[in-house]
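Notes to accompany the following structure.
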Amino acid sequence: GAFPVLSPRGAVCAELLVIVPEPEENDSDALLSGPQGRLLAGILQAAGISSDQTYLAPVLRRHTPMPDWAALRAAGISDVLTHHITLAAPKRVLAFGRNIPPLLGNDTAQGTVILPNINHDSGSIPVMGVGSLSELLRSAGRRQRFWQRWLEWTDS
């Protein structure tokens, strides 16, 4: 591909694992170094979660124009993602992007959802799936709805 490969970043056992479908188009040195990353940084700051309490991971390690999510799912990317989450062992998972909930066993028609917990040997991890960061950037209403759902989810 024409885009650089970017690795996840953050500490194992973080407070929050943030999953995005892929790096931003202009990311070159670090994952989410553009406008979406700045939005996420603002969200985390408002939530009181520092960058050292956050683990960021893309499903795809490079920006991929028009990925074939159905083919990726058929090829086993869901198992890879679930294994990655288990290894990272976060307290919570926030998944940005409509293509991620199906990888975690959820129907795409449900929109923003509290997904089934990811269960593994050492426990259970709550998961919230939301629209993409680019959608949130474009719409104040979506940011407001996201924030309300975030507060409801983290209050439980």
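Identifiers in this document derive from the order of the structure tokens: chains are assigned A, B, ..., residues are numbered from 1 separately in each chain, and ligands are numbered from 1 in order of occurrence.
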Ala14 of chain A surroundings by only C-alpha atoms, 9 Å radius, close-in-sequence under 4 positions cut, as a PyMOL selection string: chain A and resi 10+52-55+88-92
So that I can check the surroundings of Arg61 of chain A, please list as a PyMOL selection string every protein, DNA and RNA residue that reaches within 12 Å of it, counting only C-alpha atoms and ignoring chain neighbours fewer than 2 positions away. chain A and resi 1+3-9+19-25+27-28+30-32+56-59+63-64+67+77+81
Env of Gln36 of chain A: 7 Å cut, atoms = only C-alpha atoms, seq-sep filter 3 positions within chain, self excluded. Answer as a ChimeraX atom specification. /A:32,39-40,133-134
I'd like to know which residues of segment 20-64 of chain A are helix (DSSP H, G or I) (by DSSP, run on the backbone); could you write them as a PDB file with all heavy atoms, in the first residue's frame?
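Output below, filename result-v7.pdb:
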```pdb
ATOM      1  N   PRO A  35      -6.895  15.463  12.622  1.00  0.00           N
ATOM      2  CA  PRO A  35      -8.108  16.029  13.229  1.00  0.00           C
ATOM      3  C   PRO A  35      -8.894  15.033  14.083  1.00  0.00           C
ATOM      4  O   PRO A  35      -9.423  15.405  15.128  1.00  0.00           O
ATOM      5  CB  PRO A  35      -8.942  16.479  12.031  1.00  0.00           C
ATOM      6  CG  PRO A  35      -8.021  16.521  10.874  1.00  0.00           C
ATOM      7  CD  PRO A  35      -6.875  15.616  11.180  1.00  0.00           C
ATOM      8  N   GLN A  36      -8.979  13.789  13.638  1.00  0.00           N
ATOM      9  CA  GLN A  36      -9.705  12.792  14.435  1.00  0.00           C
ATOM     10  C   GLN A  36      -9.005  12.556  15.764  1.00  0.00           C
ATOM     11  O   GLN A  36      -9.657  12.407  16.802  1.00  0.00           O
ATOM     12  CB  GLN A  36      -9.827  11.483  13.661  1.00  0.00           C
ATOM     13  CG  GLN A  36     -10.699  11.594  12.430  1.00  0.00           C
ATOM     14  CD  GLN A  36     -10.711  10.311  11.627  1.00  0.00           C
ATOM     15  OE1 GLN A  36     -10.541   9.225  12.173  1.00  0.00           O
ATOM     16  NE2 GLN A  36     -10.907  10.427  10.327  1.00  0.00           N
ATOM     17  N   GLY A  37      -7.694  12.531  15.733  1.00  0.00           N
ATOM     18  CA  GLY A  37      -6.923  12.366  16.957  1.00  0.00           C
ATOM     19  C   GLY A  37      -7.107  13.531  17.914  1.00  0.00           C
ATOM     20  O   GLY A  37      -7.182  13.346  19.133  1.00  0.00           O
ATOM     21  N   ARG A  38      -7.190  14.741  17.366  1.00  0.00           N
ATOM     22  CA  ARG A  38      -7.418  15.912  18.221  1.00  0.00           C
ATOM     23  C   ARG A  38      -8.808  15.849  18.850  1.00  0.00           C
ATOM     24  O   ARG A  38      -8.981  16.186  20.028  1.00  0.00           O
ATOM     25  CB  ARG A  38      -7.216  17.198  17.430  1.00  0.00           C
ATOM     26  CG  ARG A  38      -5.743  17.458  17.102  1.00  0.00           C
ATOM     27  CD  ARG A  38      -5.496  18.831  16.512  1.00  0.00           C
ATOM     28  NE  ARG A  38      -6.059  18.983  15.175  1.00  0.00           N
ATOM     29  CZ  ARG A  38      -5.465  18.578  14.054  1.00  0.00           C
ATOM     30  NH1 ARG A  38      -4.290  17.974  14.108  1.00  0.00           N
ATOM     31  NH2 ARG A  38      -6.046  18.777  12.882  1.00  0.00           N
ATOM     32  N   LEU A  39      -9.802  15.400  18.083  1.00  0.00           N
ATOM     33  CA  LEU A  39     -11.148  15.233  18.654  1.00  0.00           C
ATOM     34  C   LEU A  39     -11.115  14.195  19.764  1.00  0.00           C
ATOM     35  O   LEU A  39     -11.661  14.414  20.850  1.00  0.00           O
ATOM     36  CB  LEU A  39     -12.146  14.822  17.570  1.00  0.00           C
ATOM     37  CG  LEU A  39     -13.554  14.471  18.076  1.00  0.00           C
ATOM     38  CD1 LEU A  39     -14.216  15.663  18.757  1.00  0.00           C
ATOM     39  CD2 LEU A  39     -14.409  13.949  16.929  1.00  0.00           C
ATOM     40  N   LEU A  40     -10.476  13.070  19.510  1.00  0.00           N
ATOM     41  CA  LEU A  40     -10.379  12.024  20.536  1.00  0.00           C
ATOM     42  C   LEU A  40      -9.664  12.546  21.779  1.00  0.00           C
ATOM     43  O   LEU A  40     -10.094  12.277  22.903  1.00  0.00           O
ATOM     44  CB  LEU A  40      -9.663  10.791  19.990  1.00  0.00           C
ATOM     45  CG  LEU A  40      -9.485   9.655  20.991  1.00  0.00           C
ATOM     46  CD1 LEU A  40     -10.824   9.140  21.512  1.00  0.00           C
ATOM     47  CD2 LEU A  40      -8.681   8.529  20.369  1.00  0.00           C
ATOM     48  N   ALA A  41      -8.593  13.304  21.596  1.00  0.00           N
ATOM     49  CA  ALA A  41      -7.874  13.863  22.746  1.00  0.00           C
ATOM     50  C   ALA A  41      -8.790  14.754  23.574  1.00  0.00           C
ATOM     51  O   ALA A  41      -8.755  14.720  24.809  1.00  0.00           O
ATOM     52  CB  ALA A  41      -6.648  14.632  22.274  1.00  0.00           C
ATOM     53  N   GLY A  42      -9.635  15.536  22.911  1.00  0.00           N
ATOM     54  CA  GLY A  42     -10.588  16.381  23.624  1.00  0.00           C
ATOM     55  C   GLY A  42     -11.621  15.559  24.380  1.00  0.00           C
ATOM     56  O   GLY A  42     -11.983  15.881  25.518  1.00  0.00           O
ATOM     57  N   ILE A  43     -12.103  14.499  23.758  1.00  0.00           N
ATOM     58  CA  ILE A  43     -13.070  13.608  24.411  1.00  0.00           C
ATOM     59  C   ILE A  43     -12.444  12.985  25.665  1.00  0.00           C
ATOM     60  O   ILE A  43     -13.050  12.965  26.736  1.00  0.00           O
ATOM     61  CB  ILE A  43     -13.543  12.508  23.440  1.00  0.00           C
ATOM     62  CG1 ILE A  43     -14.433  13.101  22.343  1.00  0.00           C
ATOM     63  CG2 ILE A  43     -14.265  11.386  24.187  1.00  0.00           C
ATOM     64  CD1 ILE A  43     -14.723  12.144  21.196  1.00  0.00           C
ATOM     65  N   LEU A  44     -11.227  12.488  25.507  1.00  0.00           N
ATOM     66  CA  LEU A  44     -10.558  11.839  26.645  1.00  0.00           C
ATOM     67  C   LEU A  44     -10.286  12.836  27.765  1.00  0.00           C
ATOM     68  O   LEU A  44     -10.437  12.512  28.947  1.00  0.00           O
ATOM     69  CB  LEU A  44      -9.268  11.169  26.183  1.00  0.00           C
ATOM     70  CG  LEU A  44      -9.448   9.997  25.218  1.00  0.00           C
ATOM     71  CD1 LEU A  44      -8.108   9.496  24.729  1.00  0.00           C
ATOM     72  CD2 LEU A  44     -10.263   8.880  25.844  1.00  0.00           C
ATOM     73  N   GLN A  45      -9.890  14.050  27.390  1.00  0.00           N
ATOM     74  CA  GLN A  45      -9.646  15.077  28.399  1.00  0.00           C
ATOM     75  C   GLN A  45     -10.935  15.393  29.160  1.00  0.00           C
ATOM     76  O   GLN A  45     -10.940  15.468  30.381  1.00  0.00           O
ATOM     77  CB  GLN A  45      -9.084  16.338  27.763  1.00  0.00           C
ATOM     78  CG  GLN A  45      -8.761  17.424  28.769  1.00  0.00           C
ATOM     79  CD  GLN A  45      -8.170  18.657  28.120  1.00  0.00           C
ATOM     80  OE1 GLN A  45      -8.272  18.857  26.920  1.00  0.00           O
ATOM     81  NE2 GLN A  45      -7.559  19.496  28.929  1.00  0.00           N
ATOM     82  N   ALA A  46     -12.039  15.557  28.433  1.00  0.00           N
ATOM     83  CA  ALA A  46     -13.325  15.835  29.078  1.00  0.00           C
ATOM     84  C   ALA A  46     -13.763  14.676  29.969  1.00  0.00           C
ATOM     85  O   ALA A  46     -14.425  14.886  30.990  1.00  0.00           O
ATOM     86  CB  ALA A  46     -14.385  16.124  28.016  1.00  0.00           C
ATOM     87  N   ALA A  47     -13.389  13.463  29.586  1.00  0.00           N
ATOM     88  CA  ALA A  47     -13.744  12.278  30.370  1.00  0.00           C
ATOM     89  C   ALA A  47     -12.798  12.049  31.542  1.00  0.00           C
ATOM     90  O   ALA A  47     -13.026  11.149  32.356  1.00  0.00           O
ATOM     91  CB  ALA A  47     -13.756  11.043  29.470  1.00  0.00           C
ATOM     92  N   SER A  51      -3.678  10.348  28.493  1.00  0.00           N
ATOM     93  CA  SER A  51      -3.140   9.549  27.381  1.00  0.00           C
ATOM     94  C   SER A  51      -2.407   8.308  27.878  1.00  0.00           C
ATOM     95  O   SER A  51      -2.391   7.287  27.195  1.00  0.00           O
ATOM     96  CB  SER A  51      -2.228  10.403  26.501  1.00  0.00           C
ATOM     97  OG  SER A  51      -1.147  10.897  27.255  1.00  0.00           O
ATOM     98  N   ASP A  52      -1.817   8.360  29.072  1.00  0.00           N
ATOM     99  CA  ASP A  52      -1.119   7.167  29.577  1.00  0.00           C
ATOM    100  C   ASP A  52      -2.086   6.124  30.138  1.00  0.00           C
ATOM    101  O   ASP A  52      -1.677   5.030  30.488  1.00  0.00           O
ATOM    102  CB  ASP A  52      -0.051   7.541  30.604  1.00  0.00           C
ATOM    103  CG  ASP A  52      -0.595   8.183  31.858  1.00  0.00           C
ATOM    104  OD1 ASP A  52      -1.722   8.722  31.816  1.00  0.00           O
ATOM    105  OD2 ASP A  52       0.114   8.166  32.884  1.00  0.00           O
ATOM    106  N   GLN A  53      -3.387   6.452  30.190  1.00  0.00           N
ATOM    107  CA  GLN A  53      -4.412   5.495  30.599  1.00  0.00           C
ATOM    108  C   GLN A  53      -5.187   4.968  29.397  1.00  0.00           C
ATOM    109  O   GLN A  53      -6.217   4.329  29.556  1.00  0.00           O
ATOM    110  CB  GLN A  53      -5.407   6.155  31.554  1.00  0.00           C
ATOM    111  CG  GLN A  53      -4.821   6.604  32.865  1.00  0.00           C
ATOM    112  CD  GLN A  53      -5.862   7.370  33.668  1.00  0.00           C
ATOM    113  OE1 GLN A  53      -6.505   8.286  33.188  1.00  0.00           O
ATOM    114  NE2 GLN A  53      -6.029   6.964  34.915  1.00  0.00           N
TER     115      GLN A  53
END
```
Nearest to Asn99 of chain A, chosen from A:Val80, A:Ala74, A:Ala11, A:Val130, with only C-alpha atoms counted in the distances: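 Ranked by minimum distance to Asn99 of chain A, first place goes to A:Val130.
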Just want the 12 Å neighbourhood of Arg145 of chain A, counted on only C-alpha atoms, with same-chain residues fewer than 3 positions away dropped. Output as a PyMOL selection string. chain A and resi 111-113+130-131+135-136+139-142+148-152
Using DSSP secondary structure from the backbone, list all strand (DSSP E or B) positions within segment 15-107 of chain A, as an NGL selection string. :A and (16-20 or 54-58 or 92-96)
Interatomic distance between atom CA of Ser50 of chain A and atom CA of Ile118 of chain A? 23.4 Å
Residue with smallest distance to Phe96 of chain A - pool A:Gly34, A:Pro65, A:Gly48, A:Gly129, counting only C-alpha atoms: A:Gly129
Using only C-alpha atoms for the distances, tell me which of A:Leu60, A:Thr86, A:Met66, A:Thr154 is nearest to Cys13 of chain A. A:Thr86
